[in-house]
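Asks: This is the content of entry00.pdb (PDB, C-alpha atoms and all ligand atoms):
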```pdb
ATOM      1  CA  MET O  30      84.650 -16.826 104.805
ATOM      2  CA  SER O  31      86.790 -18.289 102.048
ATOM      3  CA  HIS O  32      89.169 -21.203 102.393
ATOM      4  CA  HIS O  33      92.023 -18.772 101.988
ATOM      5  CA  GLU O  34      91.342 -17.540 105.474
ATOM      6  CA  LEU O  35      90.820 -20.768 107.413
ATOM      7  CA  ILE O  36      93.688 -19.730 109.689
ATOM      8  CA  GLN O  37      94.776 -16.143 110.087
ATOM      9  CA  ALA O  38      97.565 -14.363 111.932
ATOM     10  CA  THR O  39      96.096 -12.095 114.600
ATOM     11  CA  THR O  40      97.575 -10.309 117.597
ATOM     12  CA  ALA O  41      96.532 -13.337 119.683
ATOM     13  CA  GLY O  42      98.368 -15.756 117.372
ATOM     14  CA  LEU O  43      97.196 -18.117 114.613
ATOM     15  CA  ASN O  44      93.445 -17.864 114.810
ATOM     16  CA  CYS O  45      90.752 -20.064 113.259
ATOM     17  CA  SER O  46      87.532 -18.094 113.430
ATOM     18  CA  LEU O  47      85.418 -20.897 111.839
ATOM     19  CA  GLY O  48      86.517 -23.178 114.676
ATOM     20  CA  GLU O  49      86.627 -20.474 117.340
ATOM     21  CA  PHE O  50      90.072 -21.486 118.554
ATOM     22  CA  CYS O  51      93.595 -20.119 118.473
ATOM     23  CA  ILE O  52      96.813 -22.119 117.977
ATOM     24  CA  ASP O  53      99.585 -21.378 120.540
ATOM     25  CA  PRO O  54      97.929 -18.051 121.478
ATOM     26  CA  THR O  55     100.120 -15.246 122.773
ATOM     27  CA  ARG O  56      97.362 -14.054 125.098
ATOM     28  CA  PRO O  57      94.442 -15.741 126.920
ATOM     29  CA  VAL O  58      91.667 -17.074 124.663
ATOM     30  CA  ARG O  59      88.617 -19.296 125.139
ATOM     31  CA  THR O  60      90.013 -22.346 123.312
ATOM     32  CA  ALA O  61      93.768 -22.744 122.831
ATOM     33  CA  VAL O  62      95.193 -25.558 120.720
ATOM     34  CA  ILE O  63      98.752 -26.036 121.931
ATOM     35  CA  THR O  64     101.463 -27.584 119.738
ATOM     36  CA  HIS O  65     104.008 -28.148 122.543
ATOM     37  CA  GLY O  66     105.116 -27.121 126.004
ATOM     38  CA  HIS O  67     107.828 -24.521 125.247
ATOM     39  CA  SER O  68     106.981 -21.315 127.059
ATOM     40  CA  ASP O  69     106.650 -19.227 123.893
ATOM     41  CA  HIS O  70     103.922 -21.586 122.640
ATOM     42  CA  ALA O  71     102.151 -22.372 125.909
ATOM     43  CA  ARG O  72     100.979 -19.351 127.838
ATOM     44  CA  ALA O  73      98.812 -19.057 130.930
ATOM     45  CA  GLY O  74      95.269 -17.732 131.194
ATOM     46  CA  SER O  75      93.276 -19.512 128.483
ATOM     47  CA  HIS O  76      89.945 -21.102 129.411
ATOM     48  CA  ARG O  77      90.612 -24.454 127.719
ATOM     49  CA  TYR O  78      93.753 -26.133 126.356
ATOM     50  CA  ILE O  79      93.571 -28.806 123.667
ATOM     51  CA  CYS O  80      96.851 -30.735 123.357
ATOM     52  CA  SER O  81      98.491 -34.157 123.191
ATOM     53  CA  PRO O  82      98.409 -36.507 126.238
ATOM     54  CA  GLN O  83     102.156 -35.847 126.869
ATOM     55  CA  THR O  84     101.850 -32.075 126.532
ATOM     56  CA  ALA O  85      99.104 -31.869 129.200
ATOM     57  CA  PRO O  86     101.388 -32.721 132.185
ATOM     58  CA  ILE O  87     104.075 -30.377 130.798
ATOM     59  CA  LEU O  88     101.466 -27.584 130.676
ATOM     60  CA  ARG O  89     100.339 -28.377 134.218
ATOM     61  CA  HIS O  90     103.973 -28.234 135.378
ATOM     62  CA  ARG O  91     104.478 -24.855 133.724
ATOM     63  CA  LEU O  92     101.051 -23.181 133.970
ATOM     64  CA  GLY O  93      99.549 -24.726 137.114
ATOM     65  CA  LYS O  94      97.625 -27.840 138.084
ATOM     66  CA  THR O  95      94.166 -26.303 137.688
ATOM     67  CA  ILE O  96      94.229 -25.616 133.943
ATOM     68  CA  ASN O  97      91.445 -27.176 131.893
ATOM     69  CA  THR O  98      92.900 -29.614 129.330
ATOM     70  CA  THR O  99      91.340 -31.785 126.631
ATOM     71  CA  THR O 100      93.812 -34.325 125.219
ATOM     72  CA  LEU O 101      93.777 -35.883 121.767
ATOM     73  CA  GLU O 102      95.665 -39.032 120.783
ATOM     74  CA  PRO O 103      97.604 -38.763 117.482
ATOM     75  CA  GLY O 104      95.096 -38.572 114.637
ATOM     76  CA  GLU O 105      92.054 -38.490 116.952
ATOM     77  CA  THR O 106      89.586 -35.838 115.759
ATOM     78  CA  ILE O 107      87.538 -33.256 117.600
ATOM     79  CA  ASP O 108      84.865 -31.067 116.040
ATOM     80  CA  LEU O 109      85.318 -27.413 116.946
ATOM     81  CA  ARG O 110      82.388 -25.413 115.540
ATOM     82  CA  ASP O 111      82.639 -25.716 111.741
ATOM     83  CA  THR O 112      86.041 -27.413 111.686
ATOM     84  CA  ARG O 113      87.476 -30.868 112.387
ATOM     85  CA  VAL O 114      90.785 -30.758 114.237
ATOM     86  CA  SER O 115      93.428 -33.422 114.905
ATOM     87  CA  LEU O 116      96.983 -33.474 116.256
ATOM     88  CA  HIS O 117      99.944 -35.290 114.649
ATOM     89  CA  PRO O 118     103.508 -35.832 115.941
ATOM     90  CA  ALA O 119     106.010 -33.072 115.116
ATOM     91  CA  GLY O 120     109.229 -34.714 116.420
ATOM     92  CA  HIS O 121     110.291 -31.480 118.182
ATOM     93  CA  LEU O 122     110.128 -32.716 121.796
ATOM     94  CA  LEU O 123     107.989 -35.076 123.863
ATOM     95  CA  GLY O 124     104.305 -34.517 123.087
ATOM     96  CA  SER O 125     104.925 -31.962 120.318
ATOM     97  CA  THR O 126     102.329 -31.952 117.570
ATOM     98  CA  GLN O 127     101.227 -30.390 114.329
ATOM     99  CA  VAL O 128      97.625 -29.214 114.062
ATOM    100  CA  ARG O 129      95.459 -30.394 111.162
ATOM    101  CA  VAL O 130      92.343 -28.308 110.539
ATOM    102  CA  GLU O 131      89.702 -29.419 108.039
ATOM    103  CA  HIS O 132      86.694 -27.483 106.787
ATOM    104  CA  ASP O 133      84.584 -28.427 103.770
ATOM    105  CA  HIS O 134      87.236 -30.905 102.477
ATOM    106  CA  HIS O 135      89.896 -28.211 102.641
ATOM    107  CA  VAL O 136      92.886 -29.005 104.889
ATOM    108  CA  TRP O 137      95.350 -26.697 106.600
ATOM    109  CA  VAL O 138      98.252 -27.952 108.695
ATOM    110  CA  VAL O 139     100.169 -25.832 111.210
ATOM    111  CA  THR O 140     103.470 -27.559 111.981
ATOM    112  CA  GLY O 141     104.391 -25.815 115.228
ATOM    113  CA  ASP O 142     108.105 -26.395 115.839
ATOM    114  CA  TYR O 143     109.362 -29.628 114.260
ATOM    115  CA  LYS O 144     112.370 -31.604 113.137
ATOM    116  CA  ARG O 145     112.962 -34.495 110.762
ATOM    117  CA  HIS O 146     116.040 -35.985 112.454
ATOM    118  CA  PRO O 147     115.502 -38.998 114.739
ATOM    119  CA  ASP O 148     115.039 -38.385 118.474
ATOM    120  CA  PRO O 149     114.487 -41.298 120.890
ATOM    121  CA  THR O 150     112.699 -39.016 123.385
ATOM    122  CA  CYS O 151     109.664 -38.320 121.180
ATOM    123  CA  ALA O 152     107.511 -39.681 118.372
ATOM    124  CA  PRO O 153     108.854 -38.951 114.864
ATOM    125  CA  PHE O 154     107.405 -36.221 112.610
ATOM    126  CA  GLU O 155     104.417 -37.432 110.626
ATOM    127  CA  VAL O 156     103.854 -36.162 107.101
ATOM    128  CA  VAL O 157     100.264 -34.862 106.962
ATOM    129  CA  PRO O 158      99.042 -34.149 103.422
ATOM    130  CA  CYS O 159      97.342 -30.754 103.162
ATOM    131  CA  ASP O 160      96.256 -27.943 100.857
ATOM    132  CA  VAL O 161      97.920 -25.207 102.892
ATOM    133  CA  LEU O 162     100.934 -25.720 105.158
ATOM    134  CA  ILE O 163     101.943 -23.226 107.813
ATOM    135  CA  SER O 164     105.514 -24.143 108.666
ATOM    136  CA  GLU O 165     107.955 -22.812 111.210
ATOM    137  CA  CYS O 166     111.055 -21.334 109.609
ATOM    138  CA  THR O 167     113.462 -20.779 112.525
ATOM    139  CA  PHE O 168     116.466 -22.011 110.517
ATOM    140  CA  GLY O 169     115.274 -21.011 107.046
ATOM    141  CA  LEU O 170     118.650 -20.293 105.477
ATOM    142  CA  PRO O 171     120.728 -22.660 103.285
ATOM    143  CA  ILE O 172     123.652 -22.484 105.757
ATOM    144  CA  TYR O 173     121.662 -24.503 108.285
ATOM    145  CA  ARG O 174     122.256 -28.201 107.561
ATOM    146  CA  TRP O 175     122.420 -30.480 110.575
ATOM    147  CA  PRO O 176     125.120 -33.129 110.859
ATOM    148  CA  GLU O 177     124.035 -36.656 111.827
ATOM    149  CA  PRO O 178     123.034 -36.457 115.528
ATOM    150  CA  GLU O 179     124.998 -39.649 116.240
ATOM    151  CA  HIS O 180     128.242 -37.924 115.192
ATOM    152  CA  VAL O 181     127.445 -34.914 117.348
ATOM    153  CA  PHE O 182     126.759 -37.092 120.404
ATOM    154  CA  ASN O 183     130.108 -38.838 119.825
ATOM    155  CA  ASP O 184     131.760 -35.410 119.793
ATOM    156  CA  ILE O 185     130.025 -34.477 123.060
ATOM    157  CA  ASN O 186     131.210 -37.725 124.685
ATOM    158  CA  GLN O 187     134.788 -37.087 123.486
ATOM    159  CA  TRP O 188     134.717 -33.496 124.768
ATOM    160  CA  TRP O 189     133.527 -34.789 128.160
ATOM    161  CA  ARG O 190     136.385 -37.335 128.272
ATOM    162  CA  ASP O 191     138.894 -34.613 127.313
ATOM    163  CA  CYS O 192     137.504 -32.393 130.086
ATOM    164  CA  GLN O 193     137.977 -35.199 132.605
ATOM    165  CA  ALA O 194     141.559 -35.725 131.446
ATOM    166  CA  GLN O 195     142.179 -32.040 132.215
ATOM    167  CA  GLN O 196     140.151 -32.248 135.442
ATOM    168  CA  ARG O 197     137.674 -29.718 134.131
ATOM    169  CA  THR O 198     133.918 -29.864 134.622
ATOM    170  CA  ALA O 199     132.087 -30.108 131.290
ATOM    171  CA  VAL O 200     129.235 -27.545 131.394
ATOM    172  CA  LEU O 201     126.819 -27.821 128.464
ATOM    173  CA  SER O 202     124.151 -25.150 127.852
ATOM    174  CA  VAL O 203     120.903 -26.681 126.676
ATOM    175  CA  TYR O 204     117.261 -25.664 126.542
ATOM    176  CA  ALA O 205     115.669 -27.087 129.715
ATOM    177  CA  LEU O 206     112.710 -28.770 127.994
ATOM    178  CA  GLY O 207     113.440 -31.127 125.125
ATOM    179  CA  LYS O 208     117.111 -30.555 124.376
ATOM    180  CA  ALA O 209     118.291 -31.495 127.881
ATOM    181  CA  GLN O 210     116.418 -34.808 127.793
ATOM    182  CA  ARG O 211     117.465 -35.588 124.213
ATOM    183  CA  ILE O 212     121.134 -35.088 125.164
ATOM    184  CA  LEU O 213     120.791 -37.044 128.407
ATOM    185  CA  ALA O 214     119.239 -39.973 126.519
ATOM    186  CA  ALA O 215     122.078 -39.972 123.979
ATOM    187  CA  ILE O 216     125.322 -39.444 125.941
ATOM    188  CA  ASP O 217     127.435 -42.317 127.283
ATOM    189  CA  PRO O 218     126.617 -42.455 131.028
ATOM    190  CA  THR O 219     129.587 -44.771 131.719
ATOM    191  CA  ILE O 220     131.999 -41.832 131.241
ATOM    192  CA  GLY O 221     131.101 -40.261 134.585
ATOM    193  CA  PRO O 222     128.358 -38.617 136.643
ATOM    194  CA  VAL O 223     125.756 -36.425 134.923
ATOM    195  CA  ALA O 224     124.344 -33.491 136.856
ATOM    196  CA  VAL O 225     121.522 -31.164 135.851
ATOM    197  CA  HIS O 226     120.514 -27.655 136.888
ATOM    198  CA  GLY O 227     117.469 -27.393 139.180
ATOM    199  CA  SER O 228     115.224 -26.187 136.336
ATOM    200  CA  ILE O 229     115.943 -29.339 134.297
ATOM    201  CA  HIS O 230     115.495 -31.889 137.103
ATOM    202  CA  PRO O 231     111.638 -31.870 137.298
ATOM    203  CA  LEU O 232     111.345 -32.022 133.501
ATOM    204  CA  ASN O 233     113.601 -35.111 133.421
ATOM    205  CA  LYS O 234     111.330 -36.710 136.036
ATOM    206  CA  LEU O 235     108.303 -35.838 133.950
ATOM    207  CA  TYR O 236     109.849 -37.489 130.882
ATOM    208  CA  ARG O 237     110.561 -40.646 132.902
ATOM    209  CA  ASP O 238     107.002 -40.666 134.270
ATOM    210  CA  LEU O 239     105.795 -40.528 130.658
ATOM    211  CA  GLY O 240     107.843 -43.632 129.816
ATOM    212  CA  ILE O 241     110.971 -42.091 128.245
ATOM    213  CA  SER O 242     114.148 -43.992 129.127
ATOM    214  CA  LEU O 243     116.834 -41.700 130.598
ATOM    215  CA  PRO O 244     120.066 -42.654 132.377
ATOM    216  CA  ASP O 245     120.431 -41.585 136.021
ATOM    217  CA  TRP O 246     121.354 -38.013 136.820
ATOM    218  CA  THR O 247     122.110 -35.912 139.910
ATOM    219  CA  LYS O 248     120.376 -32.642 140.693
ATOM    220  CA  LEU O 249     123.129 -30.090 141.078
ATOM    221  CA  ASP O 250     123.194 -28.265 144.418
ATOM    222  CA  ALA O 251     125.687 -26.527 146.693
ATOM    223  CA  ARG O 252     126.421 -29.758 148.589
ATOM    224  CA  ASN O 253     127.411 -32.033 145.696
ATOM    225  CA  ALA O 254     129.361 -29.552 143.565
ATOM    226  CA  ALA O 255     132.702 -30.540 145.096
ATOM    227  CA  GLU O 256     132.349 -34.228 144.261
ATOM    228  CA  LEU O 257     131.115 -33.519 140.699
ATOM    229  CA  LYS O 258     133.913 -31.041 139.977
ATOM    230  CA  GLY O 259     136.371 -32.165 137.306
ATOM    231  CA  ARG O 260     134.384 -35.333 136.491
ATOM    232  CA  ALA O 261     130.782 -34.526 135.669
ATOM    233  CA  LEU O 262     128.887 -33.485 132.594
ATOM    234  CA  VAL O 263     126.610 -30.665 133.778
ATOM    235  CA  LEU O 264     123.495 -29.721 131.775
ATOM    236  CA  ALA O 265     122.184 -26.215 132.456
ATOM    237  CA  PRO O 266     119.962 -23.713 130.638
ATOM    238  CA  PRO O 267     121.763 -20.784 128.942
ATOM    239  CA  ALA O 268     120.270 -18.336 131.454
ATOM    240  CA  ALA O 269     122.135 -20.118 134.255
ATOM    241  CA  ARG O 270     125.511 -19.372 132.697
ATOM    242  CA  ASN O 271     127.600 -16.799 134.569
ATOM    243  CA  THR O 272     125.711 -17.392 137.799
ATOM    244  CA  THR O 273     127.419 -18.220 141.079
ATOM    245  CA  TRP O 274     126.835 -21.987 141.061
ATOM    246  CA  ILE O 275     129.175 -22.414 138.127
ATOM    247  CA  ARG O 276     132.095 -21.084 140.232
ATOM    248  CA  LYS O 277     131.781 -24.070 142.521
ATOM    249  CA  LEU O 278     132.585 -26.285 139.519
ATOM    250  CA  THR O 279     135.662 -24.448 138.227
ATOM    251  CA  PRO O 280     137.788 -25.066 136.317
ATOM    252  CA  VAL O 281     135.133 -25.636 133.661
ATOM    253  CA  SER O 282     134.934 -26.104 129.919
ATOM    254  CA  THR O 283     131.798 -24.451 128.524
ATOM    255  CA  ALA O 284     129.808 -25.505 125.483
ATOM    256  CA  ALA O 285     126.347 -25.135 123.965
ATOM    257  CA  ALA O 286     124.232 -27.561 121.954
ATOM    258  CA  SER O 287     122.074 -25.655 119.455
ATOM    259  CA  GLY O 288     121.417 -25.103 115.785
ATOM    260  CA  TRP O 289     122.849 -21.603 116.255
ATOM    261  CA  MET O 290     126.280 -23.166 116.836
ATOM    262  CA  THR O 291     126.460 -23.445 113.033
ATOM    263  CA  VAL O 292     127.502 -19.790 113.133
ATOM    264  CA  ARG O 293     131.028 -19.546 114.552
ATOM    265  CA  GLY O 294     130.605 -15.937 115.643
ATOM    266  CA  ARG O 295     127.791 -17.011 117.891
ATOM    267  CA  ARG O 296     130.038 -19.313 119.913
ATOM    268  CA  ARG O 297     132.694 -16.598 120.203
ATOM    269  CA  HIS O 298     130.053 -14.049 121.196
ATOM    270  CA  ASP O 299     128.874 -16.342 123.978
ATOM    271  CA  ALA O 300     132.508 -16.982 125.035
ATOM    272  CA  LEU O 301     132.071 -20.744 124.793
ATOM    273  CA  ASP O 302     134.914 -23.243 124.456
ATOM    274  CA  ARG O 303     132.872 -25.542 122.203
ATOM    275  CA  GLY O 304     129.701 -25.468 120.132
ATOM    276  CA  PHE O 305     127.760 -28.576 119.138
ATOM    277  CA  VAL O 306     125.345 -28.302 116.235
ATOM    278  CA  ILE O 307     122.227 -30.126 117.330
ATOM    279  CA  SER O 308     118.750 -28.716 116.903
ATOM    280  CA  ASP O 309     115.153 -29.686 117.573
ATOM    281  CA  HIS O 310     114.044 -27.623 114.565
ATOM    282  CA  ALA O 311     114.060 -28.511 110.877
ATOM    283  CA  ASP O 312     117.174 -27.446 108.969
ATOM    284  CA  TRP O 313     117.030 -25.988 105.430
ATOM    285  CA  PRO O 314     116.834 -29.389 103.664
ATOM    286  CA  GLY O 315     114.285 -30.524 106.290
ATOM    287  CA  LEU O 316     112.053 -27.509 105.614
ATOM    288  CA  LEU O 317     112.162 -28.056 101.841
ATOM    289  CA  GLN O 318     111.598 -31.814 102.204
ATOM    290  CA  THR O 319     108.597 -31.260 104.473
ATOM    291  CA  ILE O 320     106.995 -28.712 102.153
ATOM    292  CA  ARG O 321     107.390 -31.179  99.258
ATOM    293  CA  ASP O 322     106.175 -34.182 101.292
ATOM    294  CA  THR O 323     102.889 -32.567 102.337
ATOM    295  CA  GLY O 324     101.951 -31.693  98.749
ATOM    296  CA  ALA O 325     100.763 -28.259  99.937
ATOM    297  CA  ARG O 326      99.886 -25.803  97.154
ATOM    298  CA  ARG O 327     100.263 -22.814  99.456
ATOM    299  CA  VAL O 328     102.874 -22.410 102.177
ATOM    300  CA  GLY O 329     102.862 -19.855 104.989
ATOM    301  CA  LEU O 330     106.067 -19.376 106.983
ATOM    302  CA  THR O 331     106.407 -18.227 110.573
ATOM    303  CA  HIS O 332     109.451 -17.398 112.743
ATOM    304  CA  GLY O 333     112.992 -16.824 111.593
ATOM    305  CA  ASN O 334     114.272 -16.140 108.102
ATOM    306  CA  THR O 335     110.936 -16.219 106.312
ATOM    307  CA  GLU O 336     111.991 -13.816 103.518
ATOM    308  CA  THR O 337     114.688 -16.069 102.094
ATOM    309  CA  LEU O 338     112.529 -19.189 102.061
ATOM    310  CA  VAL O 339     109.487 -17.321 100.693
ATOM    311  CA  ARG O 340     111.620 -16.078  97.786
ATOM    312  CA  TYR O 341     113.166 -19.514  97.204
ATOM    313  CA  LEU O 342     109.757 -21.230  97.161
ATOM    314  CA  ARG O 343     108.203 -18.627  94.853
ATOM    315  CA  GLU O 344     111.067 -19.095  92.408
ATOM    316  CA  SER O 345     110.316 -22.847  92.576
ATOM    317  CA  GLY O 346     106.656 -22.194  91.723
ATOM    318  CA  VAL O 347     105.185 -22.581  95.239
ATOM    319  CA  ASP O 348     102.656 -19.980  96.416
ATOM    320  CA  ALA O 349     104.540 -18.937  99.570
ATOM    321  CA  PHE O 350     103.847 -16.130 102.025
ATOM    322  CA  ALA O 351     105.279 -14.872 105.305
ATOM    323  CA  ILE O 352     103.197 -14.740 108.476
ATOM    324  CA  ALA O 353     104.197 -12.091 110.946
ATOM    325  CA  THR O 354     104.331 -13.282 114.532
ATOM    326  CA  THR O 355     105.354 -11.434 117.650
ATOM    327  CA  ARG O 356     106.800 -14.519 119.319
ATOM    328  CA  HIS O 357     110.502 -15.033 119.929
ATOM    329  CA  HIS O 358     111.733 -18.463 118.939
ATOM    330  CA  ASP O 359     112.784 -20.775 121.715
ATOM    331  CA  GLU O 360     116.352 -21.164 120.561
ATOM    332  CA  ALA O 361     117.033 -17.452 120.771
ATOM    333  CA  ALA O 362     119.625 -18.350 123.333
ATOM    334  CA  PRO O 363     121.844 -21.352 122.639
TER
HETATM  335 ZN    ZN O 401     109.656 -25.234 120.622
END
```
Now that the file is in, can you turn its structure into structure tokens?
Replies:
Amino acid sequence: MSHHELIQATTAGLNCSLGEFCIDPTRPVRTAVITHGHSDHARAGSHRYICSPQTAPILRHRLGKTINTTTLEPGETIDLRDTRVSLHPAGHLLGSTQVRVEHDHHVWVVTGDYKRHPDPTCAPFEVVPCDVLISECTFGLPIYRWPEPEHVFNDINQWWRDCQAQQRTAVLSVYALGKAQRILAAIDPTIGPVAVHGSIHPLNKLYRDLGISLPDWTKLDARNAAELKGRALVLAPPAARNTTWIRKLTPVSTAAASGWMTVRGRRRHDALDRGFVISDHADWPGLLQTIRDTGARRVGLTHGNTETLVRYLRESGVDAFAIATTRHHDEAAP
């Protein structure tokens, strides 16, 4: 097998036949190397999961306590058949990693999901030099340029204060794993009580158990809704919107925190009062910067707007190609 095929897209996901493993497989395999705990990357049924020490408890929470995990510290290597594999921080959420695969002095890196902006709830993205980079491309259009997170968190705090002044409950839609904890760590907890949806509560506890500093929160339930009403910031996954619990908190102001909030029509479509542009993925400049930083001669792109970035890179002299995947990206909903 040539170096050109060290990692290939298959129906099971990104497969490395020389190493006999699959990265973030979409169906059960013998050896799964998992980049992070989002459900579209971490699926049940594989015989063995290789992941970071922080991803292992997230997988056990989501896939069951009996799964067989092998953990690798950042940069620690493991030999899988004819390849040497190591994991390196991706800055996407706690425990998220890139996968470095080496065979015969030839190096491929699969980024998984990643971002370049700072995030106090996880280790920062590490640039890993490679010959071939397989990068995510969720926000691969020039319109996606993230504002400084600090400014966005100030805006969220101000919106929360404004809601209180109008005696409205501030309900913010966030992805339950990663985004919820990043927001919780960044908001000003002196403004008022913070409550989280039941699906977010155990993940917050998991983050704390893994040493991430988070301010106190309340788990939202039928009993405490009345006292939180008009004062609290409530974090809930998008799927929880328009369910009965939200009625107990009315009047509410609704918002979402996502890279998709760049597109105004998206906020209108979701009938939200506010949209905050904050993403755990790389924006357009972040994608280009990362491709440059790694020194990769070939670049494969997965998820999102691959066509635009492939064309842009080819015009810049980079050997770029799209990789078809069946997965839906985890920010499909805001
Ligand atoms: Zn993800």
Asks: Near O:Val181, counting only C-alpha atoms, which residues have an atom at most 8 Å away, once you skip same-chain residues fewer than 5 positions from it, shown as an MDAnalysis selection string?
Replies: chainID O and resid 176 305:307
Asks: Which residues are close to O:Glu102, i.e. within 8 Å by only C-alpha atoms, leaving aside same-chain residues fewer than 2 positions away? Reply as a compact mmCIF listing (two decimals) with C-alpha atoms, in the frame of the given file.
Replies:
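Final output, saved to result.txt:
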```
# COMPACT_ATOMS: atom_id res chain seq x y z
CA SER O 81 98.49 -34.16 123.19
CA PRO O 82 98.41 -36.51 126.24
CA THR O 100 93.81 -34.33 125.22
CA GLY O 104 95.10 -38.57 114.64
CA GLU O 105 92.05 -38.49 116.95
CA LEU O 116 96.98 -33.47 116.26
```
Asks: Counting all atoms listed in the file, name the residues that have an atom within 12 Å of an atom of ligand ZN 401 (chain O); the answer should be given as number ranges by chain.
Replies: O: 53, 63-71, 84, 119-127, 140-144, 165-167, 204-208, 308-311, 332, 356-361
Asks: Grab the atom CA of O:Ile163 to atom CA of O:Arg327 distance for me, in Å with one decimal place.
Replies: 8.5 Å
Asks: In Å to one decimal, how far is atom CA of O:Gly315 from atom CA of O:Pro178?
Replies: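 According to the coordinates, atom CA of O:Pro178 and atom CA of O:Gly315 are separated by 14.0 Å.
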Asks: Produce the centre coordinates and the three edge lengths, each in Å to one decimal, of the box along x, y and z that contains all listed atoms of stretch 65-78 of chain O with 5 Å added on each side, as AutoDock Vina command-line options.
Replies:
```
--center_x 98.9 --center_y -22.9 --center_z 126.9 --size_x 27.9 --size_y 20.4 --size_z 18.7
```
Asks: Could you add whatever atoms are missing so that stretch 241-254 of chain O carries N, CA, C and O atoms, then write the result as a CSV table (one decimal), in the frame of the given file?
Replies:
```csv
chain,number,residue,atom,x,y,z
O,241,ILE,N,109.7,-42.3,129.0
O,241,ILE,CA,111.0,-42.1,128.2
O,241,ILE,C,112.2,-42.6,129.1
O,241,ILE,O,112.3,-42.2,130.2
O,242,SER,N,113.0,-43.4,128.4
O,242,SER,CA,114.1,-44.0,129.1
O,242,SER,C,115.3,-43.0,129.2
O,242,SER,O,115.8,-42.5,128.2
O,243,LEU,N,115.7,-42.6,130.4
O,243,LEU,CA,116.8,-41.7,130.6
O,243,LEU,C,117.8,-42.3,131.6
O,243,LEU,O,117.4,-42.9,132.6
O,244,PRO,N,119.1,-42.2,131.4
O,244,PRO,CA,120.1,-42.7,132.4
O,244,PRO,C,120.0,-41.8,133.7
O,244,PRO,O,119.4,-40.7,133.6
O,245,ASP,N,120.5,-42.3,134.7
O,245,ASP,CA,120.4,-41.6,136.0
O,245,ASP,C,121.2,-40.3,136.0
O,245,ASP,O,122.2,-40.1,135.2
O,246,TRP,N,120.7,-39.3,136.7
O,246,TRP,CA,121.4,-38.0,136.8
O,246,TRP,C,121.3,-37.5,138.3
O,246,TRP,O,120.5,-38.1,139.1
O,247,THR,N,122.1,-36.5,138.6
O,247,THR,CA,122.1,-35.9,139.9
O,247,THR,C,121.6,-34.5,139.8
O,247,THR,O,122.0,-33.8,138.8
O,248,LYS,N,120.8,-34.1,140.7
O,248,LYS,CA,120.4,-32.6,140.7
O,248,LYS,C,121.5,-31.8,141.3
O,248,LYS,O,121.9,-32.1,142.5
O,249,LEU,N,122.0,-30.9,140.6
O,249,LEU,CA,123.1,-30.1,141.1
O,249,LEU,C,122.7,-29.2,142.2
O,249,LEU,O,121.7,-28.5,142.1
O,250,ASP,N,123.4,-29.2,143.3
O,250,ASP,CA,123.2,-28.3,144.4
O,250,ASP,C,124.5,-27.9,145.1
O,250,ASP,O,125.6,-28.4,144.7
O,251,ALA,N,124.5,-27.0,146.1
O,251,ALA,CA,125.7,-26.5,146.7
O,251,ALA,C,126.5,-27.7,147.4
O,251,ALA,O,127.7,-27.6,147.5
O,252,ARG,N,125.8,-28.7,147.8
O,252,ARG,CA,126.4,-29.8,148.6
O,252,ARG,C,127.2,-30.7,147.7
O,252,ARG,O,128.3,-31.2,148.1
O,253,ASN,N,126.7,-31.0,146.5
O,253,ASN,CA,127.4,-32.0,145.7
O,253,ASN,C,128.4,-31.5,144.6
O,253,ASN,O,129.0,-32.2,143.9
O,254,ALA,N,128.5,-30.2,144.6
O,254,ALA,CA,129.4,-29.6,143.6
O,254,ALA,C,130.8,-30.0,143.7
O,254,ALA,O,131.4,-30.4,142.7
```
